[in-house]
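J.: Input structure: structure_16.csv, which contains CSV, C-alpha atoms and all ligand atoms.
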chain,number,residue,atom,x,y,z
A,114,MET,CA,84.8,116.6,121.4
A,115,PRO,CA,82.6,119.3,119.7
A,116,ASP,CA,85.3,121.9,120.3
A,117,LEU,CA,87.9,119.6,118.7
A,118,LYS,CA,85.7,119.0,115.7
A,119,VAL,CA,85.3,122.7,115.3
A,120,ARG,CA,89.0,123.2,115.5
A,121,ALA,CA,89.8,120.3,113.1
A,122,ALA,CA,87.3,121.7,110.6
A,123,GLU,CA,88.9,125.1,110.8
A,124,VAL,CA,92.4,123.6,110.4
A,125,ASN,CA,91.2,121.6,107.4
A,126,LYS,CA,89.5,124.7,105.8
A,127,ARG,CA,92.5,127.0,106.3
A,128,LEU,CA,95.1,124.4,105.2
A,129,LYS,CA,93.0,123.6,102.1
A,130,LYS,CA,93.2,127.3,101.2
A,131,ARG,CA,96.9,127.5,102.1
A,132,HIS,CA,97.9,124.3,100.3
A,133,PRO,CA,95.4,123.8,97.5
A,134,ASP,CA,97.9,121.5,95.8
A,135,ALA,CA,98.6,119.2,98.8
A,136,HIS,CA,99.3,115.8,97.4
A,137,ILE,CA,101.5,112.7,97.9
A,138,GLU,CA,105.1,113.6,97.1
A,139,LEU,CA,106.3,110.1,96.2
A,140,ASP,CA,106.4,109.4,92.4
A,141,PHE,CA,104.6,106.3,91.3
A,142,MET,CA,102.6,104.9,88.3
A,143,ASN,CA,100.6,102.2,90.0
A,144,ALA,CA,99.7,100.8,93.4
A,145,PHE,CA,102.6,98.4,93.4
A,146,GLU,CA,105.1,101.2,92.8
A,147,LEU,CA,103.5,103.3,95.5
A,148,LEU,CA,103.8,100.3,98.0
A,149,ILE,CA,107.5,99.8,97.2
A,150,ALA,CA,108.2,103.6,97.4
A,151,THR,CA,106.4,103.9,100.7
A,152,ILE,CA,108.4,101.0,102.2
A,153,LEU,CA,111.6,102.7,101.0
A,154,ALA,CA,110.5,106.1,102.4
A,155,ALA,CA,110.7,105.0,106.1
A,156,GLN,CA,113.4,107.1,107.8
A,157,SER,CA,114.2,108.7,104.4
A,158,THR,CA,112.9,111.6,102.3
A,159,ASP,CA,110.5,111.5,99.5
A,160,VAL,CA,113.0,113.4,97.3
A,161,ARG,CA,115.7,110.7,97.9
A,162,VAL,CA,113.2,107.9,97.4
A,163,ASN,CA,112.1,109.4,94.1
A,164,ILE,CA,115.7,109.5,92.9
A,165,VAL,CA,116.1,105.8,93.8
A,166,THR,CA,112.8,104.5,92.4
A,167,LYS,CA,113.3,106.3,89.0
A,168,SER,CA,115.9,103.7,88.1
A,169,LEU,CA,114.6,100.9,90.4
A,170,PHE,CA,111.2,100.7,88.7
A,171,ARG,CA,113.0,100.5,85.3
A,172,LYS,CA,115.2,97.7,86.5
A,173,TYR,CA,112.4,95.8,88.2
A,174,PRO,CA,109.2,96.6,86.3
A,175,ASP,CA,106.7,94.5,88.2
A,176,PRO,CA,106.1,92.4,91.3
A,177,ALA,CA,107.6,89.3,89.7
A,178,ALA,CA,110.8,91.1,88.9
A,179,PHE,CA,111.1,92.3,92.5
A,180,ALA,CA,110.3,88.8,93.8
A,181,ASN,CA,113.1,87.2,91.8
A,182,ALA,CA,115.6,89.9,92.6
A,183,ASN,CA,119.0,89.0,94.1
A,184,LEU,CA,119.1,90.3,97.7
A,185,VAL,CA,122.6,91.6,97.6
A,186,GLU,CA,122.0,93.4,94.4
A,187,MET,CA,118.8,94.9,95.7
A,188,GLU,CA,120.7,96.1,98.8
A,189,THR,CA,122.9,98.1,96.5
A,190,ASP,CA,119.9,99.3,94.5
A,191,VAL,CA,118.1,100.8,97.5
A,192,LYS,CA,121.2,101.7,99.6
A,193,GLN,CA,120.7,105.5,99.2
A,194,THR,CA,117.4,105.3,101.1
A,195,GLY,CA,119.1,104.1,104.3
A,196,PHE,CA,118.4,100.9,106.3
A,197,PHE,CA,119.0,99.2,103.0
A,198,ARG,CA,119.4,95.7,104.3
A,199,ASN,CA,116.0,95.6,105.9
A,200,LYS,CA,114.4,97.5,103.1
A,201,ALA,CA,115.9,95.2,100.4
A,202,LYS,CA,114.6,92.2,102.3
A,203,ALA,CA,111.2,93.8,102.8
A,204,VAL,CA,110.6,94.8,99.2
A,205,ILE,CA,111.6,91.3,97.9
A,206,ASN,CA,109.5,89.5,100.5
A,207,CYS,CA,106.6,91.8,100.0
A,208,SER,CA,106.7,91.2,96.3
A,209,LYS,CA,107.0,87.5,96.7
A,210,ALA,CA,103.8,87.5,98.9
A,211,ILE,CA,102.0,89.6,96.3
A,212,VAL,CA,102.9,87.2,93.5
A,213,GLU,CA,102.3,84.0,95.5
A,214,ARG,CA,99.2,85.0,97.5
A,215,HIS,CA,97.5,87.7,95.3
A,216,GLY,CA,98.4,86.8,91.7
A,217,GLY,CA,100.7,89.8,91.3
A,218,GLU,CA,98.1,92.3,92.3
A,219,VAL,CA,98.3,94.6,95.3
A,220,PRO,CA,95.4,93.8,97.7
A,221,GLN,CA,92.9,96.5,98.2
A,222,THR,CA,91.9,96.0,101.9
A,223,MET,CA,93.6,97.0,105.1
A,224,GLU,CA,93.5,93.4,106.4
A,225,LYS,CA,95.3,91.9,103.4
A,226,LEU,CA,97.8,94.7,103.1
A,227,VAL,CA,99.0,94.6,106.7
A,228,GLU,CA,99.6,90.8,106.2
A,229,LEU,CA,102.3,91.6,103.6
A,230,PRO,CA,105.9,91.6,104.9
A,231,GLY,CA,107.2,95.1,105.7
A,232,VAL,CA,103.7,96.7,105.5
A,233,GLY,CA,102.2,98.4,108.5
A,234,ARG,CA,99.0,100.4,108.9
A,235,LYS,CA,100.7,103.7,107.8
A,236,THR,CA,101.9,102.1,104.5
A,237,ALA,CA,98.6,100.5,103.9
A,238,ASN,CA,96.8,103.8,104.5
A,239,VAL,CA,99.1,105.5,102.0
A,240,VAL,CA,98.4,102.9,99.3
A,241,LEU,CA,94.6,102.6,100.0
A,242,GLY,CA,94.1,106.4,100.0
A,243,ASN,CA,96.4,107.4,97.1
A,244,ALA,CA,96.4,104.5,94.7
A,245,PHE,CA,92.9,103.1,95.3
A,246,GLY,CA,91.1,106.3,96.5
A,247,LYS,CA,89.9,104.5,99.6
A,248,ASN,CA,89.6,106.4,102.9
A,249,VAL,CA,90.1,103.6,105.3
A,250,GLY,CA,92.2,105.5,107.8
A,251,ILE,CA,94.5,108.5,108.2
A,252,VAL,CA,98.2,108.4,107.5
A,253,VAL,CA,100.1,109.3,110.6
A,254,ASP,CA,103.7,110.1,109.9
A,255,THR,CA,106.2,112.3,111.8
A,256,HIS,CA,104.6,115.5,110.4
A,257,VAL,CA,101.0,114.5,111.2
A,258,THR,CA,102.1,113.4,114.7
A,259,ARG,CA,103.9,116.8,115.3
A,260,VAL,CA,101.3,119.1,113.7
A,261,SER,CA,98.2,117.5,115.1
A,262,GLY,CA,99.8,117.4,118.5
A,263,ARG,CA,100.7,121.1,118.4
A,264,LEU,CA,97.3,122.0,117.2
A,265,GLY,CA,95.7,120.1,120.2
A,266,LEU,CA,93.9,117.6,118.0
A,267,THR,CA,95.4,114.8,120.0
A,268,ALA,CA,97.1,114.4,123.3
A,269,SER,CA,99.0,111.2,122.2
A,270,ALA,CA,102.4,110.6,120.6
A,271,ASP,CA,101.4,107.1,119.6
A,272,PRO,CA,100.5,106.9,115.8
A,273,VAL,CA,97.8,104.3,116.4
A,274,VAL,CA,96.1,106.4,119.0
A,275,ILE,CA,96.5,109.6,117.0
A,276,GLU,CA,94.8,108.0,114.0
A,277,GLN,CA,91.9,107.0,116.2
A,278,ASP,CA,91.8,110.5,117.7
A,279,LEU,CA,91.8,112.2,114.3
A,280,MET,CA,89.3,110.0,112.4
A,281,PRO,CA,86.2,111.2,114.3
A,282,LEU,CA,87.2,114.9,113.8
A,283,VAL,CA,87.3,114.9,110.0
A,284,PRO,CA,84.7,113.7,107.4
A,285,ARG,CA,85.8,110.3,106.1
A,286,LYS,CA,86.0,111.4,102.5
A,287,GLU,CA,88.7,114.0,103.6
A,288,TRP,CA,90.9,111.6,105.5
A,289,THR,CA,93.5,111.2,102.8
A,290,ILE,CA,93.7,114.8,101.8
A,291,PHE,CA,93.6,116.0,105.4
A,292,ALA,CA,96.8,114.1,106.1
A,293,HIS,CA,98.4,115.6,103.0
A,294,ARG,CA,97.5,119.1,104.2
A,295,LEU,CA,99.0,118.4,107.6
A,296,ILE,CA,102.2,117.0,106.0
A,297,PHE,CA,102.5,120.0,103.7
A,298,HIS,CA,102.0,122.3,106.6
A,299,GLY,CA,104.6,120.4,108.6
A,300,ARG,CA,107.2,120.5,105.8
A,301,ARG,CA,106.7,124.1,104.9
A,302,THR,CA,105.7,126.0,108.0
A,303,CYS,CA,105.3,124.0,111.2
A,304,HIS,CA,108.9,122.7,111.2
A,305,ALA,CA,110.1,120.3,113.9
A,306,ARG,CA,112.8,122.5,115.3
A,307,LYS,CA,111.7,126.0,114.4
A,308,PRO,CA,108.0,126.4,113.4
A,309,ASP,CA,107.3,129.5,111.5
A,310,CYS,CA,104.4,130.6,113.7
A,311,GLU,CA,104.6,134.2,112.6
A,312,SER,CA,103.5,133.3,109.0
A,313,CYS,CA,101.2,130.4,110.0
A,314,VAL,CA,97.6,130.6,108.9
A,315,LEU,CA,96.6,128.8,112.1
A,316,ASN,CA,98.4,131.1,114.6
A,317,ASP,CA,95.3,132.9,115.9
A,318,PHE,CA,94.0,129.7,117.6
A,319,CYS,CA,96.9,127.3,117.7
A,320,PRO,CA,97.6,126.4,121.4
A,321,SER,CA,101.3,125.9,120.7
A,322,VAL,CA,101.9,129.2,118.9
A,323,GLU,CA,104.3,130.4,121.5
A,324,ILE,CA,106.8,127.6,121.0
A,325,THR,CA,110.2,128.6,119.8
A,326,ALA,CA,113.4,127.0,118.5
A,327,ASP,CA,114.6,126.9,122.1
A,328,ARG,CA,111.5,125.1,123.3
A,329,PRO,CA,110.6,122.5,120.6
A,330,SER,CA,107.3,121.0,121.7
A,331,PRO,CA,106.0,118.2,119.6
A,332,ALA,CA,103.0,116.1,120.6
A,333,SER,CA,104.2,116.1,124.2
A,334,SER,CA,102.8,119.5,124.7
A,335,THR,CA,99.3,118.5,123.9
A,336,GLY,CA,97.9,117.8,127.3
A,337,ARG,CA,97.6,121.5,127.7
A,338,SER,CA,97.0,122.1,124.1
A,339,ALA,CA,93.9,119.9,123.9
A,340,ARG,CA,92.2,122.2,126.3
A,341,ALA,CA,93.2,125.4,124.6
A,342,ALA,CA,91.1,127.8,122.7
A,343,THR,CA,88.9,126.9,119.7
A,344,PRO,CA,89.2,128.9,116.5
A,345,SER,CA,88.2,132.5,116.8
A,346,SER,CA,86.6,134.5,114.1
A,347,ALA,CA,89.6,136.7,113.8
A,348,SER,CA,91.3,136.7,110.4
A,349,PRO,CA,94.4,134.4,110.2
A,350,SER,CA,97.7,135.9,109.5
A,351,GLN,CA,98.7,136.6,106.0
A,352,SER,CA,100.7,133.6,104.8
A,353,ARG,CA,103.8,133.4,102.7
A,354,THR,CA,103.8,132.4,99.1
A,355,SER,CA,103.6,128.6,98.8
A,356,ARG,CA,106.9,126.8,98.4
A,357,SER,CA,105.4,123.8,96.7
A,358,PRO,CA,108.0,121.3,95.6
A,359,ARG,CA,106.0,120.5,92.5
A,360,GLY,CA,108.1,120.4,89.5
A,361,ARG,CA,108.5,116.7,89.1
A,362,LYS,CA,106.2,114.8,86.9
A,363,PRO,CA,103.0,114.3,88.9
A,364,SER,CA,102.1,110.9,90.1
A,365,LYS,CA,99.6,109.2,87.7
A,366,SER,CA,97.1,108.0,90.2
A,367,VAL,CA,96.7,111.0,92.4
A,401,LIG,S1,101.1,128.4,115.0
A,401,LIG,FE1,103.2,127.5,115.0
A,401,LIG,S2,103.0,125.6,116.2
A,401,LIG,FE2,100.9,126.2,115.6
A,401,LIG,S3,100.5,125.1,113.7
A,401,LIG,FE3,101.3,127.1,113.2
A,401,LIG,S4,103.5,126.9,112.9
A,401,LIG,FE4,102.7,125.1,114.1
Is it possible to give me this structure as structure tokens?

T.:
Amino acid sequence: MPDLKVRAAEVNKRLKKRHPDAHIELDFMNAFELLIATILAAQSTDVRVNIVTKSLFRKYPDPAAFANANLVEMETDVKQTGFFRNKAKAVINCSKAIVERHGGEVPQTMEKLVELPGVGRKTANVVLGNAFGKNVGIVVDTHVTRVSGRLGLTASADPVVIEQDLMPLVPRKEWTIFAHRLIFHGRRTCHARKPDCESCVLNDFCPSVEITADRPSPASSTGRSARAATPSSASPSQSRTSRSPRGRKPSKSV
């Protein structure tokens, strides 16, 4: 465990320097909008969700408007995000629950959030960390799963277990931003199919540095990885210029 803590601290430190602007990439103006955007983001991209929510939040400006929406119309409204039938049902039912059980306000606890239809622990963590500034857990999405596995910070591919593995390794006040740093790194350098290890700032101690496009190795490689070297004092490789996607209007609450 001490070795893993050292490694996690080094990862956090270097990624902070590499991605000083790491942030949530979904657009939102309040907790409710973030909740809806996060539900729609499942199996989709933040860019696509931001396109859809731009008009969606104008058409349905609050939880009551979503709760009273016509299901078929909502399916059309969210179609571009994929899995639109389930998502339309989820955002309407979630909004109904918020209106009926919580007076139109998004609850601010993990327990109450995960009781809402369509809301799991990952979505709740996104809302708590980014809309309410509460570090209750660590968001584990596909990027956090892949990158933390390759770095040997977890030996599991199960998001629930990964979150439990990561939380003791990082100071609680850093949980939300740590996930953003891993996600930024996963999107810009540690790609799923072809990680850019050559330019990666973690390549001098990453136990998966040798993986190539021919040998994609997500979390499954971590049994070996977790026993690999801890960070050395060697200087990390020079990194490329950041390819931050910023350019959209930043989210209000982040
Ligand atoms: S060295 Fe390669 S596998 Fe390891 S974190 Fe960097 S990009 Fe990912």

J.: How would you write as a PyMOL selection string the residues that get within 8 Å of (92.8, 114.2, 116.6) in the file's frame, counting all atoms listed in the file?

T.: chain A and resi 117+121+261-262+265-268+275-282

J.: Once you have the residues from the selection above, write them out as a PDB file, in the coordinates of the input, restricted to C-alpha atoms.

T.:
ATOM      1  CA  LEU A 117      87.900 119.600 118.700  1.00  0.00           C
ATOM      2  CA  ALA A 121      89.800 120.300 113.100  1.00  0.00           C
ATOM      3  CA  SER A 261      98.200 117.500 115.100  1.00  0.00           C
ATOM      4  CA  GLY A 262      99.800 117.400 118.500  1.00  0.00           C
ATOM      5  CA  GLY A 265      95.700 120.100 120.200  1.00  0.00           C
ATOM      6  CA  LEU A 266      93.900 117.600 118.000  1.00  0.00           C
ATOM      7  CA  THR A 267      95.400 114.800 120.000  1.00  0.00           C
ATOM      8  CA  ALA A 268      97.100 114.400 123.300  1.00  0.00           C
ATOM      9  CA  ILE A 275      96.500 109.600 117.000  1.00  0.00           C
ATOM     10  CA  GLU A 276      94.800 108.000 114.000  1.00  0.00           C
ATOM     11  CA  GLN A 277      91.900 107.000 116.200  1.00  0.00           C
ATOM     12  CA  ASP A 278      91.800 110.500 117.700  1.00  0.00           C
ATOM     13  CA  LEU A 279      91.800 112.200 114.300  1.00  0.00           C
ATOM     14  CA  MET A 280      89.300 110.000 112.400  1.00  0.00           C
ATOM     15  CA  PRO A 281      86.200 111.200 114.300  1.00  0.00           C
ATOM     16  CA  LEU A 282      87.200 114.900 113.800  1.00  0.00           C
TER      17      LEU A 282
END

J.: Report as an mmCIF file with C-alpha atoms, in the frame of the given file all protein, DNA and RNA residues lying within 6 Å of stretch 195-204 of chain A, evaluated on all atoms listed in the file, omitting residues in the same chain fewer than 6 positions from it.

T.:
data_model
loop_
_atom_site.group_PDB
_atom_site.id
_atom_site.type_symbol
_atom_site.label_atom_id
_atom_site.label_comp_id
_atom_site.auth_asym_id
_atom_site.auth_seq_id
_atom_site.Cartn_x
_atom_site.Cartn_y
_atom_site.Cartn_z
ATOM 1 C CA MET A 187 118.800 94.900 95.700
ATOM 2 C CA GLU A 188 120.700 96.100 98.800
ATOM 3 C CA GLY A 231 107.200 95.100 105.700
#

J.: Choose the residue, out of A:His256, A:His215, A:Ile290, A:Arg285, that has the smallest atom-to-atom separation from ligand LIG 401 (chain A); count all atoms listed in the file.

T.: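 Using all atoms listed in the file, the shortest distance to ligand LIG 401 (chain A) belongs to A:His256.
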
J.: To one decimal in Å, tell me the separation between atom CA of A:Ser321 and atom FE2 of ligand LIG 401 (chain A).

T.: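 One can read the atom CA of A:Ser321 to atom FE2 of ligand LIG 401 (chain A) distance as 5.1 Å.
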
J.: Quick one: which chain A residues come within 10 Å of ligand LIG 401 (chain A), and what is the nearest atom pair for each with the distance in Å to one decimal, counting only C-alpha atoms and all ligand atoms, rows ordered by chain and ascending number, as JSON lines?

T.:
{"residue": "A:Val124", "atom": "CA", "partner": "A:LIG401", "partner_atom": "S3", "distance": 8.9}
{"residue": "A:Arg259", "atom": "CA", "partner": "A:LIG401", "partner_atom": "FE4", "distance": 8.5}
{"residue": "A:Val260", "atom": "CA", "partner": "A:LIG401", "partner_atom": "S3", "distance": 6.1}
{"residue": "A:Ser261", "atom": "CA", "partner": "A:LIG401", "partner_atom": "S3", "distance": 8.1}
{"residue": "A:Gly262", "atom": "CA", "partner": "A:LIG401", "partner_atom": "S2", "distance": 9.1}
{"residue": "A:Arg263", "atom": "CA", "partner": "A:LIG401", "partner_atom": "S2", "distance": 5.5}
{"residue": "A:Leu264", "atom": "CA", "partner": "A:LIG401", "partner_atom": "S3", "distance": 5.7}
{"residue": "A:Gly265", "atom": "CA", "partner": "A:LIG401", "partner_atom": "FE2", "distance": 9.2}
{"residue": "A:Leu295", "atom": "CA", "partner": "A:LIG401", "partner_atom": "S3", "distance": 9.2}
{"residue": "A:His298", "atom": "CA", "partner": "A:LIG401", "partner_atom": "S3", "distance": 7.8}
{"residue": "A:Gly299", "atom": "CA", "partner": "A:LIG401", "partner_atom": "FE4", "distance": 7.5}
{"residue": "A:Arg301", "atom": "CA", "partner": "A:LIG401", "partner_atom": "S4", "distance": 9.1}
{"residue": "A:Thr302", "atom": "CA", "partner": "A:LIG401", "partner_atom": "S4", "distance": 5.4}
{"residue": "A:Cys303", "atom": "CA", "partner": "A:LIG401", "partner_atom": "S4", "distance": 3.8}
{"residue": "A:His304", "atom": "CA", "partner": "A:LIG401", "partner_atom": "S4", "distance": 7.0}
{"residue": "A:Ala305", "atom": "CA", "partner": "A:LIG401", "partner_atom": "FE4", "distance": 8.8}
{"residue": "A:Lys307", "atom": "CA", "partner": "A:LIG401", "partner_atom": "S4", "distance": 8.4}
{"residue": "A:Pro308", "atom": "CA", "partner": "A:LIG401", "partner_atom": "S4", "distance": 4.6}
{"residue": "A:Asp309", "atom": "CA", "partner": "A:LIG401", "partner_atom": "S4", "distance": 4.8}
{"residue": "A:Cys310", "atom": "CA", "partner": "A:LIG401", "partner_atom": "FE1", "distance": 3.6}
{"residue": "A:Glu311", "atom": "CA", "partner": "A:LIG401", "partner_atom": "S1", "distance": 7.2}
{"residue": "A:Ser312", "atom": "CA", "partner": "A:LIG401", "partner_atom": "S4", "distance": 7.5}
{"residue": "A:Cys313", "atom": "CA", "partner": "A:LIG401", "partner_atom": "FE3", "distance": 4.6}
{"residue": "A:Val314", "atom": "CA", "partner": "A:LIG401", "partner_atom": "FE3", "distance": 6.7}
{"residue": "A:Leu315", "atom": "CA", "partner": "A:LIG401", "partner_atom": "FE3", "distance": 5.1}
{"residue": "A:Asn316", "atom": "CA", "partner": "A:LIG401", "partner_atom": "S1", "distance": 3.8}
{"residue": "A:Asp317", "atom": "CA", "partner": "A:LIG401", "partner_atom": "S1", "distance": 7.4}
{"residue": "A:Phe318", "atom": "CA", "partner": "A:LIG401", "partner_atom": "S1", "distance": 7.7}
{"residue": "A:Cys319", "atom": "CA", "partner": "A:LIG401", "partner_atom": "FE2", "distance": 4.6}
{"residue": "A:Pro320", "atom": "CA", "partner": "A:LIG401", "partner_atom": "FE2", "distance": 6.7}
{"residue": "A:Ser321", "atom": "CA", "partner": "A:LIG401", "partner_atom": "S2", "distance": 4.8}
{"residue": "A:Val322", "atom": "CA", "partner": "A:LIG401", "partner_atom": "S1", "distance": 4.1}
{"residue": "A:Glu323", "atom": "CA", "partner": "A:LIG401", "partner_atom": "FE1", "distance": 7.2}
{"residue": "A:Ile324", "atom": "CA", "partner": "A:LIG401", "partner_atom": "S2", "distance": 6.4}
{"residue": "A:Thr325", "atom": "CA", "partner": "A:LIG401", "partner_atom": "FE1", "distance": 8.6}
{"residue": "A:Pro329", "atom": "CA", "partner": "A:LIG401", "partner_atom": "S2", "distance": 9.3}
{"residue": "A:Ser330", "atom": "CA", "partner": "A:LIG401", "partner_atom": "S2", "distance": 8.4}
{"residue": "A:Pro331", "atom": "CA", "partner": "A:LIG401", "partner_atom": "S2", "distance": 8.7}
{"residue": "A:Ser350", "atom": "CA", "partner": "A:LIG401", "partner_atom": "S1", "distance": 9.9}

J.: Quick one: contact table of stretch 206-306 of chain A to stretch 166-184 of chain A, 8 Å max, nearest atom pair and distance in Å to one decimal per residue, counting only C-alpha atoms, chain and number order, as a tab-separated table?

T.:
residue	atom	partner	partner_atom	distance
A:Asn206	CA	A:Ala180	CA	6.8
A:Cys207	CA	A:Ala180	CA	7.8
A:Ser208	CA	A:Ala180	CA	5.0
A:Lys209	CA	A:Ala180	CA	4.6
A:Ile211	CA	A:Pro176	CA	7.0
A:Val212	CA	A:Ala177	CA	6.4
A:Gly217	CA	A:Pro176	CA	6.0

J.: Report, in Å to a single decimal, how far apart atom CA of A:Glu218 and atom CA of A:Phe145 are.

T.: 7.7 Å

J.: Using all atoms listed in the file, pick whichever of A:Lys126, A:Thr222, A:Arg120, A:Asn163 has the shortest atom-to-atom distance to A:Arg294.

T.: A:Lys126

J.: Between atom CA of A:Asp134 and atom CA of A:Gly242, what distance in Å does the model show, to one decimal?

T.: 16.1 Å

J.: Which is closer to A:Ser157 than all the others in A:Asn125, A:Asp254, A:His136, A:Val219, using only C-alpha atoms?

T.: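 Between A:Asn125, A:Asp254, A:His136, A:Val219, the residue approaching A:Ser157 most closely is A:Asp254.
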
J.: Restricting the calculation to all atoms listed in the file, which member of A:Thr194, A:Thr255, A:Lys129, A:Asn143 is positioned closest to A:Arg300?

T.: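 Closest to A:Arg300, using all atoms listed in the file: A:Thr255.
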
J.: Kindly indicate which residue among A:Lys130, A:Ile164, A:Met223, A:Val257 lies nearest to A:Ile296, using all atoms listed in the file for the distances.

T.: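 Among the listed residues, the smallest separation from A:Ile296 belongs to A:Val257.
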
J.: Considering only C-alpha atoms, can you say which of A:Asn238, A:Thr289, A:Thr258, A:Gln193 comes closest to A:Val160?

T.: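 Result for the nearest residue to A:Val160: A:Gln193.
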
J.: Kindly output stretch 308-324 of chain A as a CSV table (one decimal), in the coordinates of the input, after building N, CA and C atoms.

T.:
chain,number,residue,atom,x,y,z
A,308,PRO,N,109.3,126.1,114.2
A,308,PRO,CA,108.0,126.4,113.4
A,308,PRO,C,107.9,127.9,113.1
A,309,ASP,N,107.4,128.2,111.9
A,309,ASP,CA,107.3,129.5,111.5
A,309,ASP,C,105.9,130.1,111.9
A,310,CYS,N,105.7,130.2,113.2
A,310,CYS,CA,104.4,130.6,113.7
A,310,CYS,C,104.0,132.0,113.2
A,311,GLU,N,104.9,132.8,113.0
A,311,GLU,CA,104.6,134.2,112.6
A,311,GLU,C,103.8,134.2,111.2
A,312,SER,N,104.1,133.3,110.3
A,312,SER,CA,103.5,133.3,109.0
A,312,SER,C,102.4,132.3,108.9
A,313,CYS,N,102.2,131.5,110.0
A,313,CYS,CA,101.2,130.4,110.0
A,313,CYS,C,99.8,130.9,109.9
A,314,VAL,N,99.0,130.2,109.1
A,314,VAL,CA,97.6,130.6,108.9
A,314,VAL,C,96.7,130.1,110.1
A,315,LEU,N,97.3,129.4,111.0
A,315,LEU,CA,96.6,128.8,112.1
A,315,LEU,C,97.0,129.5,113.4
A,316,ASN,N,97.8,130.6,113.4
A,316,ASN,CA,98.4,131.1,114.6
A,316,ASN,C,97.5,131.8,115.5
A,317,ASP,N,96.3,132.2,115.0
A,317,ASP,CA,95.3,132.9,115.9
A,317,ASP,C,94.6,132.0,116.9
A,318,PHE,N,94.7,130.6,116.6
A,318,PHE,CA,94.0,129.7,117.6
A,318,PHE,C,94.9,128.5,117.9
A,319,CYS,N,96.1,128.4,117.4
A,319,CYS,CA,96.9,127.3,117.7
A,319,CYS,C,97.4,127.4,119.1
A,320,PRO,N,97.2,126.4,120.0
A,320,PRO,CA,97.6,126.4,121.4
A,320,PRO,C,99.1,126.4,121.6
A,321,SER,N,99.8,126.0,120.5
A,321,SER,CA,101.3,125.9,120.7
A,321,SER,C,102.0,127.1,120.0
A,322,VAL,N,101.3,128.2,119.7
A,322,VAL,CA,101.9,129.2,118.9
A,322,VAL,C,103.1,129.9,119.5
A,323,GLU,N,103.2,129.8,120.8
A,323,GLU,CA,104.3,130.4,121.5
A,323,GLU,C,105.6,129.6,121.4
A,324,ILE,N,105.6,128.4,120.9
A,324,ILE,CA,106.8,127.6,121.0
A,324,ILE,C,107.9,128.2,120.1
